[in-house]
Structures are given as structure tokens and as C-alpha cells.
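Trainee: Okay, so here is model_25.tsv, and as you'll see once you scroll down, it has TSV, C-alpha atoms and all ligand atoms.
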```tsv
chain	number	residue	atom	x	y	z
A	1	MET	CA	-82.39	11.47	149.66
A	2	ASN	CA	-83.02	13.95	152.44
A	3	PHE	CA	-81.05	12.74	155.44
A	4	SER	CA	-80.74	14.39	158.84
A	5	LEU	CA	-78.44	12.57	161.26
A	6	ASN	CA	-80.09	14.26	164.25
A	7	ALA	CA	-83.55	13.16	163.20
A	8	TYR	CA	-82.23	9.63	162.65
A	9	LEU	CA	-80.66	9.50	166.11
A	10	GLU	CA	-83.82	10.80	167.78
A	11	GLU	CA	-85.79	8.10	165.99
A	12	LEU	CA	-83.22	5.51	167.08
A	13	ARG	CA	-83.29	6.50	170.75
A	14	PRO	CA	-86.62	4.91	171.79
A	15	LEU	CA	-85.51	1.66	170.10
A	16	ILE	CA	-82.34	1.59	172.25
A	17	ASP	CA	-83.80	2.85	175.51
A	18	VAL	CA	-85.96	-0.20	176.13
A	19	ASP	CA	-84.73	-3.40	177.77
A	20	CYS	CA	-85.43	-6.15	175.26
A	21	GLY	CA	-82.99	-8.94	176.05
A	22	THR	CA	-83.62	-12.66	175.78
A	23	LEU	CA	-87.29	-13.47	176.40
A	24	THR	CA	-88.00	-9.96	177.72
A	25	VAL	CA	-91.38	-10.08	176.05
A	26	GLU	CA	-92.60	-6.70	177.26
A	27	GLY	CA	-89.63	-4.86	175.75
A	28	ILE	CA	-89.89	-6.83	172.51
A	29	GLU	CA	-93.54	-5.82	172.34
A	30	THR	CA	-92.55	-2.15	172.67
A	31	VAL	CA	-90.02	-2.44	169.84
A	32	ALA	CA	-92.51	-4.36	167.67
A	33	GLY	CA	-95.10	-1.65	168.28
A	34	LEU	CA	-92.68	1.11	167.27
A	35	MET	CA	-91.55	-0.74	164.15
A	36	ALA	CA	-95.08	-1.67	163.08
A	37	ALA	CA	-96.16	1.98	163.43
A	38	LYS	CA	-93.37	3.17	161.12
A	39	TYR	CA	-94.52	0.91	158.27
A	40	GLU	CA	-98.19	1.60	158.88
A	41	GLU	CA	-97.52	5.34	158.74
A	42	MET	CA	-95.58	4.94	155.49
A	43	GLY	CA	-98.59	3.36	153.80
A	44	GLY	CA	-98.48	0.59	151.23
A	45	TRP	CA	-97.26	-1.98	153.75
A	46	ASN	CA	-99.15	-4.87	155.23
A	47	VAL	CA	-97.99	-5.56	158.79
A	48	LYS	CA	-98.66	-9.03	160.18
A	49	ARG	CA	-97.90	-9.98	163.77
A	50	ILE	CA	-96.41	-13.41	164.24
A	51	ASP	CA	-96.78	-15.29	167.50
A	52	CYS	CA	-93.31	-16.59	168.41
A	53	GLY	CA	-94.48	-18.24	171.62
A	54	LYS	CA	-92.28	-17.65	174.63
A	55	ALA	CA	-90.11	-15.20	172.68
A	56	GLY	CA	-92.97	-12.78	172.02
A	57	THR	CA	-94.01	-11.07	168.80
A	58	GLY	CA	-92.42	-11.17	165.36
A	59	LEU	CA	-93.35	-8.86	162.49
A	60	GLU	CA	-93.84	-9.77	158.85
A	61	VAL	CA	-94.10	-6.64	156.72
A	62	ARG	CA	-94.95	-6.96	153.03
A	63	ASN	CA	-95.73	-4.57	150.20
A	64	LYS	CA	-97.40	-7.28	148.11
A	65	PRO	CA	-98.93	-9.69	150.62
A	66	GLU	CA	-100.83	-11.60	147.90
A	67	SER	CA	-97.78	-12.37	145.80
A	68	ASP	CA	-96.57	-16.00	145.86
A	69	VAL	CA	-93.05	-14.90	145.13
A	70	ILE	CA	-90.89	-12.72	147.35
A	71	ASP	CA	-88.15	-10.99	145.37
A	72	VAL	CA	-86.31	-9.80	148.43
A	73	MET	CA	-86.64	-10.98	152.00
A	74	ILE	CA	-84.98	-8.70	154.54
A	75	ILE	CA	-84.29	-9.99	158.03
A	76	GLY	CA	-83.55	-8.14	161.26
A	77	HIS	CA	-83.93	-9.01	164.92
A	78	MET	CA	-85.51	-6.96	167.68
A	79	ASP	CA	-83.86	-8.60	170.69
A	80	THR	CA	-80.54	-7.85	172.37
A	81	VAL	CA	-78.39	-9.89	174.75
A	82	PHE	CA	-78.69	-7.42	177.62
A	83	PRO	CA	-80.58	-8.09	180.88
A	84	VAL	CA	-83.31	-5.89	182.32
A	85	GLY	CA	-81.72	-2.87	184.01
A	86	THR	CA	-79.09	-2.24	181.31
A	87	VAL	CA	-80.92	0.75	179.85
A	88	ALA	CA	-81.14	2.43	183.28
A	89	LYS	CA	-77.36	2.05	183.63
A	90	ARG	CA	-76.35	3.11	180.15
A	91	PRO	CA	-79.06	4.57	177.92
A	92	MET	CA	-78.26	5.72	174.41
A	93	THR	CA	-75.57	8.42	174.10
A	94	PHE	CA	-73.53	9.74	171.21
A	95	ASP	CA	-70.56	11.93	170.43
A	96	GLU	CA	-69.33	13.36	167.14
A	97	ASN	CA	-68.44	10.01	165.64
A	98	ARG	CA	-70.25	7.25	167.43
A	99	ALA	CA	-73.47	6.28	169.19
A	100	PHE	CA	-73.53	3.95	172.18
A	101	GLY	CA	-76.14	1.90	174.03
A	102	PRO	CA	-77.52	-1.65	174.22
A	103	GLY	CA	-78.19	-2.96	170.73
A	104	VAL	CA	-77.15	0.27	169.00
A	105	SER	CA	-75.41	-1.62	166.20
A	106	ASP	CA	-76.66	-5.16	166.96
A	107	MET	CA	-79.06	-4.32	165.54
A	108	LYS	CA	-81.50	-1.50	166.17
A	109	SER	CA	-79.76	0.77	163.67
A	110	GLY	CA	-80.04	-2.04	161.10
A	111	LEU	CA	-83.82	-2.13	161.64
A	112	LEU	CA	-84.03	1.65	161.28
A	113	ASN	CA	-81.86	1.66	158.16
A	114	VAL	CA	-84.35	-0.69	156.52
A	115	VAL	CA	-87.18	1.74	157.39
A	116	TYR	CA	-85.22	4.65	155.87
A	117	THR	CA	-84.52	2.58	152.78
A	118	MET	CA	-88.21	1.91	152.21
A	119	ARG	CA	-89.16	5.53	152.88
A	120	ASN	CA	-86.71	6.76	150.27
A	121	LEU	CA	-86.96	4.08	147.62
A	122	ASP	CA	-88.42	5.09	144.26
A	123	LYS	CA	-92.08	4.21	144.01
A	124	ALA	CA	-91.42	2.57	140.66
A	125	VAL	CA	-88.92	0.22	142.31
A	126	LEU	CA	-91.32	-0.67	145.10
A	127	ASP	CA	-94.04	-1.37	142.52
A	128	LYS	CA	-91.79	-3.83	140.73
A	129	LEU	CA	-90.54	-5.70	143.78
A	130	SER	CA	-92.27	-8.00	146.19
A	131	ILE	CA	-90.51	-7.29	149.50
A	132	CYS	CA	-90.95	-9.05	152.81
A	133	ILE	CA	-89.28	-7.64	155.93
A	134	CYS	CA	-89.16	-10.09	158.83
A	135	MET	CA	-88.28	-8.91	162.31
A	136	ASN	CA	-87.83	-11.69	164.83
A	137	PRO	CA	-87.69	-11.49	168.63
A	138	ASP	CA	-85.12	-14.18	169.47
A	139	GLU	CA	-82.07	-14.19	167.17
A	140	GLU	CA	-79.73	-13.95	170.12
A	141	ILE	CA	-80.87	-17.35	171.37
A	142	GLY	CA	-80.50	-18.93	167.95
A	143	SER	CA	-83.99	-17.97	166.68
A	144	LEU	CA	-85.35	-20.97	168.51
A	145	HIS	CA	-88.95	-19.75	168.34
A	146	SER	CA	-88.83	-17.98	164.98
A	147	GLU	CA	-86.79	-20.40	162.88
A	148	GLU	CA	-89.77	-22.27	161.41
A	149	TRP	CA	-91.53	-19.05	160.47
A	150	LEU	CA	-88.41	-17.50	158.89
A	151	LYS	CA	-87.71	-20.64	156.88
A	152	SER	CA	-91.30	-20.87	155.65
A	153	VAL	CA	-91.09	-17.29	154.37
A	154	ALA	CA	-87.62	-17.84	152.90
A	155	LYS	CA	-88.92	-20.74	150.78
A	156	SER	CA	-90.74	-18.20	148.58
A	157	ALA	CA	-87.80	-15.78	148.49
A	158	ARG	CA	-85.35	-15.24	145.62
A	159	HIS	CA	-82.83	-13.22	147.64
A	160	VAL	CA	-82.25	-12.73	151.35
A	161	LEU	CA	-80.53	-9.67	152.78
A	162	VAL	CA	-79.79	-9.59	156.49
A	163	ALA	CA	-79.41	-6.15	158.05
A	164	GLU	CA	-77.00	-7.05	160.86
A	165	ALA	CA	-74.23	-4.47	161.30
A	166	ALA	CA	-71.41	-4.21	158.81
A	167	ARG	CA	-68.05	-5.05	160.40
A	168	ALA	CA	-65.95	-2.29	161.97
A	169	ASP	CA	-63.94	-1.92	158.73
A	170	GLY	CA	-67.16	-1.69	156.71
A	171	SER	CA	-67.07	-5.24	155.34
A	172	LEU	CA	-70.23	-7.13	154.61
A	173	VAL	CA	-70.57	-10.81	155.47
A	174	LYS	CA	-70.58	-13.54	152.84
A	175	ALA	CA	-69.94	-16.58	155.03
A	176	ARG	CA	-70.66	-17.55	158.59
A	177	LYS	CA	-69.53	-20.60	160.51
A	178	GLY	CA	-72.10	-23.18	161.45
A	179	MET	CA	-72.51	-24.44	164.99
A	180	ALA	CA	-74.02	-27.31	166.91
A	181	ARG	CA	-74.23	-28.18	170.57
A	182	TYR	CA	-74.77	-31.58	172.14
A	183	LYS	CA	-75.44	-32.57	175.71
A	184	MET	CA	-74.33	-36.05	176.69
A	185	THR	CA	-75.70	-37.76	179.79
A	186	TYR	CA	-73.91	-40.91	180.96
A	187	HIS	CA	-75.73	-43.49	183.06
A	188	GLY	CA	-73.53	-46.02	184.89
A	189	LYS	CA	-73.91	-48.14	187.99
A	190	ALA	CA	-72.86	-47.00	191.46
A	191	ALA	CA	-70.76	-49.20	193.74
A	192	HIS	CA	-68.66	-48.80	196.86
A	193	ALA	CA	-65.13	-47.94	195.82
A	194	GLY	CA	-63.68	-50.04	198.67
A	195	ASN	CA	-66.03	-53.04	198.96
A	196	ASP	CA	-67.02	-53.92	195.39
A	197	PRO	CA	-65.61	-51.55	192.77
A	198	GLN	CA	-65.68	-54.38	190.21
A	199	ASN	CA	-69.51	-54.23	190.28
A	200	GLY	CA	-69.60	-50.54	189.42
A	201	ARG	CA	-69.87	-49.05	185.94
A	202	SER	CA	-68.20	-45.67	185.87
A	203	ALA	CA	-70.08	-42.91	184.04
A	204	ILE	CA	-67.02	-40.68	184.43
A	205	THR	CA	-64.70	-43.19	182.72
A	206	GLU	CA	-67.15	-43.33	179.84
A	207	MET	CA	-67.22	-39.53	179.65
A	208	ALA	CA	-63.42	-39.33	179.74
A	209	ASN	CA	-63.20	-41.65	176.75
A	210	TRP	CA	-65.71	-39.49	174.91
A	211	ILE	CA	-63.73	-36.33	175.54
A	212	LEU	CA	-60.62	-37.86	174.01
A	213	ALA	CA	-62.57	-39.24	171.05
A	214	ILE	CA	-64.26	-35.87	170.49
A	215	ASN	CA	-60.93	-34.00	170.65
A	216	GLU	CA	-59.70	-36.29	167.87
A	217	MET	CA	-62.48	-35.02	165.58
A	218	THR	CA	-61.13	-31.45	165.54
A	219	ASN	CA	-59.54	-30.28	162.31
A	220	PHE	CA	-58.06	-26.82	162.79
A	221	GLU	CA	-57.08	-26.62	159.14
A	222	SER	CA	-60.58	-26.96	157.74
A	223	GLY	CA	-62.08	-25.13	160.70
A	224	THR	CA	-64.15	-27.97	162.13
A	225	THR	CA	-63.54	-27.64	165.86
A	226	LEU	CA	-65.07	-29.34	168.88
A	227	ASN	CA	-64.88	-28.08	172.43
A	228	VAL	CA	-66.12	-29.99	175.45
A	229	GLY	CA	-66.79	-26.92	177.54
A	230	VAL	CA	-68.82	-28.27	180.46
A	231	VAL	CA	-68.46	-31.47	182.51
A	232	LYS	CA	-70.20	-32.66	185.63
A	233	GLY	CA	-70.40	-35.96	187.48
A	234	GLY	CA	-69.88	-38.10	190.55
A	235	ASP	CA	-71.05	-37.87	194.15
A	236	GLY	CA	-67.93	-38.75	196.12
A	237	ALA	CA	-64.43	-40.10	195.68
A	238	ASN	CA	-65.42	-43.36	197.41
A	239	ILE	CA	-68.28	-44.12	195.01
A	240	VAL	CA	-68.02	-45.47	191.47
A	241	PRO	CA	-70.01	-42.72	189.69
A	242	ASP	CA	-73.31	-43.67	188.10
A	243	HIS	CA	-73.90	-40.25	186.56
A	244	ALA	CA	-71.97	-37.75	184.48
A	245	GLU	CA	-72.76	-35.14	181.85
A	246	ALA	CA	-70.85	-33.10	179.34
A	247	VAL	CA	-71.64	-30.44	176.74
A	248	VAL	CA	-69.74	-30.10	173.48
A	249	ASP	CA	-69.81	-27.13	171.12
A	250	VAL	CA	-69.04	-27.80	167.43
A	251	ARG	CA	-68.07	-25.09	164.87
A	252	PHE	CA	-67.56	-25.64	161.15
A	253	TRP	CA	-67.26	-24.07	157.70
A	254	ASP	CA	-68.12	-27.24	155.84
A	255	ASN	CA	-71.61	-28.66	156.31
A	256	ASN	CA	-70.50	-32.06	154.98
A	257	GLU	CA	-67.69	-32.27	157.49
A	258	TYR	CA	-70.16	-31.46	160.20
A	259	ALA	CA	-72.44	-34.25	158.97
A	260	ASP	CA	-69.51	-36.67	159.48
A	261	VAL	CA	-68.97	-35.37	162.99
A	262	ASP	CA	-72.64	-35.82	163.76
A	263	THR	CA	-72.53	-39.42	162.52
A	264	LYS	CA	-69.43	-40.16	164.59
A	265	ILE	CA	-70.90	-38.71	167.77
A	266	ARG	CA	-74.10	-40.69	167.31
A	267	ALA	CA	-72.05	-43.85	166.72
A	268	LEU	CA	-70.27	-43.28	170.04
A	269	ALA	CA	-73.64	-43.18	171.77
A	270	ASP	CA	-74.66	-46.47	170.15
A	271	LYS	CA	-71.54	-48.28	171.30
A	272	PRO	CA	-70.27	-47.03	174.68
A	273	PHE	CA	-66.65	-47.65	175.71
A	274	VAL	CA	-67.54	-49.02	179.14
A	275	ASP	CA	-69.63	-52.12	179.17
A	276	GLY	CA	-72.86	-51.49	181.05
A	277	VAL	CA	-72.91	-47.71	180.67
A	278	THR	CA	-75.60	-46.09	178.53
A	279	VAL	CA	-75.51	-42.66	176.95
A	280	THR	CA	-78.29	-40.19	176.17
A	281	LEU	CA	-77.40	-37.75	173.41
A	282	ASP	CA	-79.32	-34.53	172.96
A	283	ARG	CA	-78.59	-32.04	170.17
A	284	GLU	CA	-79.56	-28.75	171.81
A	285	ALA	CA	-78.75	-26.36	168.97
A	286	HIS	CA	-77.81	-26.43	165.30
A	287	LYS	CA	-77.12	-23.72	162.73
A	288	PRO	CA	-75.71	-24.82	159.36
A	289	ALA	CA	-72.76	-22.91	157.94
A	290	MET	CA	-73.54	-20.12	155.49
A	291	VAL	CA	-71.39	-20.69	152.44
A	292	PRO	CA	-71.63	-18.56	149.30
A	293	SER	CA	-73.04	-20.37	146.27
A	294	GLU	CA	-72.69	-19.33	142.63
A	295	LYS	CA	-75.95	-17.41	142.91
A	296	THR	CA	-74.59	-15.67	145.99
A	297	GLU	CA	-71.53	-14.61	143.99
A	298	VAL	CA	-73.81	-12.95	141.44
A	299	LEU	CA	-75.53	-11.04	144.22
A	300	MET	CA	-72.13	-10.06	145.66
A	301	ALA	CA	-71.04	-8.64	142.32
A	302	MET	CA	-74.23	-6.60	142.23
A	303	VAL	CA	-73.56	-5.20	145.71
A	304	GLU	CA	-69.99	-4.33	144.69
A	305	GLU	CA	-71.24	-2.40	141.66
A	306	CYS	CA	-73.70	-0.46	143.81
A	307	GLY	CA	-70.86	0.32	146.20
A	308	LYS	CA	-68.82	1.73	143.34
A	309	GLU	CA	-71.69	3.98	142.28
A	310	ILE	CA	-72.00	5.59	145.69
A	311	GLY	CA	-68.29	5.58	146.43
A	312	ILE	CA	-67.96	2.89	149.07
A	313	ASP	CA	-65.42	0.17	148.69
A	314	ILE	CA	-67.19	-3.12	149.31
A	315	THR	CA	-65.18	-5.83	151.04
A	316	TRP	CA	-66.34	-9.21	152.32
A	317	GLN	CA	-65.61	-11.22	155.40
A	318	ALA	CA	-66.17	-14.74	156.57
A	319	VAL	CA	-66.97	-14.61	160.26
A	320	GLY	CA	-67.15	-17.15	163.07
A	321	GLY	CA	-70.48	-16.19	164.61
A	322	GLY	CA	-73.87	-17.22	163.21
A	323	SER	CA	-76.96	-15.18	162.35
A	324	ASP	CA	-80.33	-15.73	160.69
A	325	ALA	CA	-78.42	-15.69	157.39
A	326	ASN	CA	-77.27	-19.25	158.18
A	327	LEU	CA	-80.88	-20.44	158.22
A	328	THR	CA	-81.81	-19.15	154.78
A	329	ALA	CA	-78.45	-19.81	153.06
A	330	VAL	CA	-78.75	-23.54	153.72
A	331	LEU	CA	-82.06	-23.56	151.81
A	332	GLY	CA	-80.02	-22.59	148.76
A	333	ILE	CA	-81.28	-19.01	148.65
A	334	PRO	CA	-78.59	-16.43	147.88
A	335	THR	CA	-78.08	-14.71	151.21
A	336	LEU	CA	-75.81	-11.85	152.24
A	337	ASP	CA	-75.44	-10.21	155.61
A	338	GLY	CA	-74.09	-6.98	157.06
A	339	PHE	CA	-76.41	-4.46	155.37
A	340	GLY	CA	-76.70	-2.39	158.55
A	341	PRO	CA	-74.39	0.54	159.35
A	342	ALA	CA	-70.94	-0.36	160.67
A	343	GLY	CA	-70.20	-0.97	164.31
A	344	ALA	CA	-68.38	-3.25	166.72
A	345	GLY	CA	-68.20	-4.40	170.32
A	346	PHE	CA	-71.38	-6.43	169.91
A	347	HIS	CA	-72.73	-8.10	173.07
A	348	SER	CA	-70.62	-5.87	175.32
A	349	ALA	CA	-70.79	-2.46	177.01
A	350	ASP	CA	-68.30	-1.23	174.38
A	351	GLU	CA	-70.78	-1.66	171.55
A	352	TYR	CA	-70.84	1.33	169.21
A	353	LEU	CA	-72.32	2.53	165.95
A	354	GLU	CA	-70.20	4.44	163.42
A	355	LEU	CA	-72.32	7.50	162.60
A	356	ASN	CA	-70.78	8.32	159.23
A	357	THR	CA	-71.78	4.90	157.87
A	358	ILE	CA	-75.52	5.28	158.43
A	359	GLU	CA	-76.43	7.27	155.33
A	360	PRO	CA	-74.13	5.45	152.88
A	361	ARG	CA	-75.52	2.08	154.01
A	362	ILE	CA	-79.09	3.25	153.46
A	363	LYS	CA	-78.04	4.28	149.95
A	364	LEU	CA	-76.33	0.93	149.40
A	365	LEU	CA	-79.45	-1.01	150.34
A	366	MET	CA	-81.55	1.26	148.13
A	367	GLY	CA	-79.11	0.66	145.28
A	368	VAL	CA	-79.18	-3.11	145.65
A	369	LEU	CA	-82.98	-3.18	145.69
A	370	THR	CA	-83.10	-0.93	142.63
A	371	ARG	CA	-80.76	-3.29	140.79
A	372	ILE	CA	-82.71	-6.37	141.75
A	373	ALA	CA	-85.88	-4.67	140.47
A	374	ALA	CA	-84.17	-4.02	137.14
B	401	ZN	ZN	-77.47	-9.35	165.82
```
Could the structure of this file be written out as C-alpha cells, please?
Mentor:
Amino acid sequence: MNFSLNAYLEELRPLIDVDCGTLTVEGIETVAGLMAAKYEEMGGWNVKRIDCGKAGTGLEVRNKPESDVIDVMIIGHMDTVFPVGTVAKRPMTFDENRAFGPGVSDMKSGLLNVVYTMRNLDKAVLDKLSICICMNPDEEIGSLHSEEWLKSVAKSARHVLVAEAARADGSLVKARKGMARYKMTYHGKAAHAGNDPQNGRSAITEMANWILAINEMTNFESGTTLNVGVVKGGDGANIVPDHAEAVVDVRFWDNNEYADVDTKIRALADKPFVDGVTVTLDREAHKPAMVPSEKTEVLMAMVEECGKEIGIDITWQAVGGGSDANLTAVLGIPTLDGFGPAGAGFHSADEYLELNTIEPRIKLLMGVLTRIAA
């Protein structure tokens, strides 16, 4: 493989120097245009634009668009978490060891590494494999507008590789915590706190009972944790409150344990603590945990062997945050994440990309695809 770090960085720059945060459709469109052009120029790739509604454009890039089976689905996202104006303040820069800028490792370099992989892959390997590269515009808001599309593609896929950054120590990701978020709205009955408090039904008392019950569901040992992170309610100290709301964030390693939590929370809503109070429960977000299956272990072994061949020590991590890997893993498809170059400081101004990991990670991805083809 002919690799020039300078050429890579100059190709990366226009992908970094464009504001493309949450729902910044114009910036997403720019990135999608740049990415589409790379595959169209390469030849042999069918580029399909996917309408992801409010989030903008997604790209589905295939080398065998007619094939019913997808041997390898590769996922990357085009959005960042940074607001408009970030690029003006801190455009892409680099020194001897690292590159900096919004999305430099999460995950513009991941997207570019996939391009380099396809440019350099043996034609014979490409001929054997049906590859589908999906680039979505809204991963940072939980892939709200691309989830259905990604899952529908994943159903035909035998393996899923996600090109999010490798961890700072070079580890790939084999497991990711799941998450869920619920908003509870409590409806009580207002009454004057001095004249007839007995006729009131306190929404805040109901909420307080919920908070204690929810705290009881936490199990630090197994990693199922619940956090009521937002509460609101009441209009004045002299009024029995008829309204309150709370938001709880749930994290878990074990999807079955989460199912229990979900059942318990719904049961609370069916049978309020305070007579006369009603509760509206709204699950606002849900990502199942990504847990390695036996088939995933086979894929991991394959990645480790490839690592050996090119001289990188492959290590694995289980991490707390979610990614699109959670969505496909729960469908039972062997899914691994962290195929991008290494970096850290994601979602902050300290974000960086480790330059000496770019080329080896391209080689690793090429190696894994070559093995899958064989
Ligand atoms: Zn990311």
C-alpha cells in the first residue's frame, strides 16, 4: 500500500473544516457530497442517497447492489456534537504526533480510513465480497432518524464493522452498555395548602416515591444503574402541586436485566403511590447493550490474527457509551467497533487523532476483509 500521511491529512481537512453538528443539515450535505464523490471516483461503487428526514442525508454505498446478502456492512457517522461556529474557532490543525479539530477522531478519520481501505483492497477480494458502507447523519443523537434504515440493511448482513475510533490505547470495542431514558409526568390535583390541603393530590409526593423506588432498582455490581437526573414541579409553597416531571437515565450491560427494569417502571405507572394521581410514562430513547456472542468471538479471533500479521497487538474493551454497533448487535449479527484510527477526548475541544495509527488501522481493516473473503 502506498501511503502518504500528508496526502491523507489534506484529504481529511475539508471533512473537519465544516460545521456538521446535530441537525446541521447543510454541513451534513457537504460531508455527504465529499464522501459520495470519493466512491464515485473510485468506480465500482453504487452510491445511494438516503433521506433521513430532519437529520439530512445518509449514504448507502455498495459494490454489489443486486446481491441479497451483504457479507460485510461497515458503519460510520457524518455528524459531530459541535455547534455551528466551532470550525471558525478551531479548524483542523496538526503537529508531529496528533491532529486536532471537531470530529477528527469521532469520526471523520474513521470515514476516510474506510475509503483508503477500499482504494487499496485487492480487486479479487472486492469481487468476492458484497460490501455495504452506510454513513448516517445523526449518530450523536442516537441515530433517531437513521435507525430503521440501518437495521433494515443489517438484516441482510453477515458481519458488521463499525469504524468509530479505536480507544487511546489502541483497543477495539467488543461490548457497549445499553441505555434508555424515560420522562415521567405526574398529574395531581391542586388545592390551597392552608384552606383544604386534604383535597389536594400532590404530584410531587408521587414523584418523590418514584425516585426512591427507582434508586432501589440500581445494581452497581451488574452495572444496571438508574439516575433521576432532572426534576421539575410545583407552582408555590402554598399550593398542593398538581404537576411534576422527572427524567431518568438507565444504563445496563444485561438486556434481560433492563427488561426487568422496564417492566417495573411500567408497573409503577399503572399503580401510583398517591391515590388520585396519574402518571404518563414516555420512553424517549433506547439502545440495547452490545454483548459479544459466540459468532462475535469468532470474528474477534480473526481480527486478532490479522493484528498479529501486521504487528499490532489487538486488545478489547467494554465501554460505557453506545454507538450504532448496539443497534446491529442486538439483531444477533456479529458486530465489532473501533476500526478507525486511535484517538481520545471525543465530544470535547481536546479531541485528537493519533497520526501513527492511521496507516496500521487501514491495513487491519484490509486484512479483516481479506480474511472474511477467504
Ligand atoms: Zn462517533
Trainee: List all protein, DNA and RNA residues that have at least one atom no more than 10 Å from any atom of ligand ZN 401 (chain B), counting all atoms listed in the file, and write them as number ranges by chain.
Mentor: A: 76-81, 103, 105-108, 110, 138-140, 162-165, 321-324, 338, 346-347
Trainee: Counting only C-alpha atoms, which residues of stretch 81-118 of chain A fall within 12 Å of stretch 44-60 of chain A, and what is the closest atom pair for each with its distance in Å at one decimal, ordered by chain and rising number, as a tab-separated table?
Mentor:
```
residue	atom	partner	partner_atom	distance
A:Leu111	CA	A:Leu59	CA	11.7
A:Val115	CA	A:Trp45	CA	11.3
A:Met118	CA	A:Trp45	CA	10.0
```
Trainee: Using all atoms listed in the file, pick whichever of A:Ala259, A:Met35, A:Ala269, A:Val18 has the shortest atom-to-atom distance to A:Trp210.
Mentor: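 The answer is A:Ala269, which sits nearest to A:Trp210.
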Trainee: Mind pulling up the distance from atom CA of A:Thr24 to atom CA of A:Arg181?
Mentor: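 Separation between atom CA of A:Arg181 and atom CA of A:Thr24: 23.9 Å.
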Trainee: Could you give me, as a list in words, the residues within 8 Å of A:Arg283, counting only C-alpha atoms and dropping anything in the same chain fewer than 4 positions from it?
Mentor: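 In the requested format, the answer is Ala180, Arg181, Tyr182 and Lys183 of chain A.
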Trainee: Rounded to one decimal in Å, what is the spacing between atom CA of A:Ala193 and atom CA of A:Val248?
Mentor: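 Computing it gives 29.0 Å between the two atoms.
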Trainee: For A:Ala329, please output as a ChimeraX atom specification all residues within 10 Å (counting all atoms listed in the file; exclusion window: fewer than 2 positions along the same chain).
Mentor: /A:154,159-160,175-176,288-293,296,324-327,331-336
Trainee: What separation in Å, quoted to one decimal, exists between atom CA of A:Thr86 and atom CA of A:Cys134?
Mentor: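 Between these atoms lies a distance of 25.9 Å.
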Trainee: Have a look at A:Val368, A:Val228, A:Ala285, A:Met1 and name the one nearest to A:Ile74; count only C-alpha atoms.
Mentor: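 Closest to A:Ile74 of all the choices is A:Val368.
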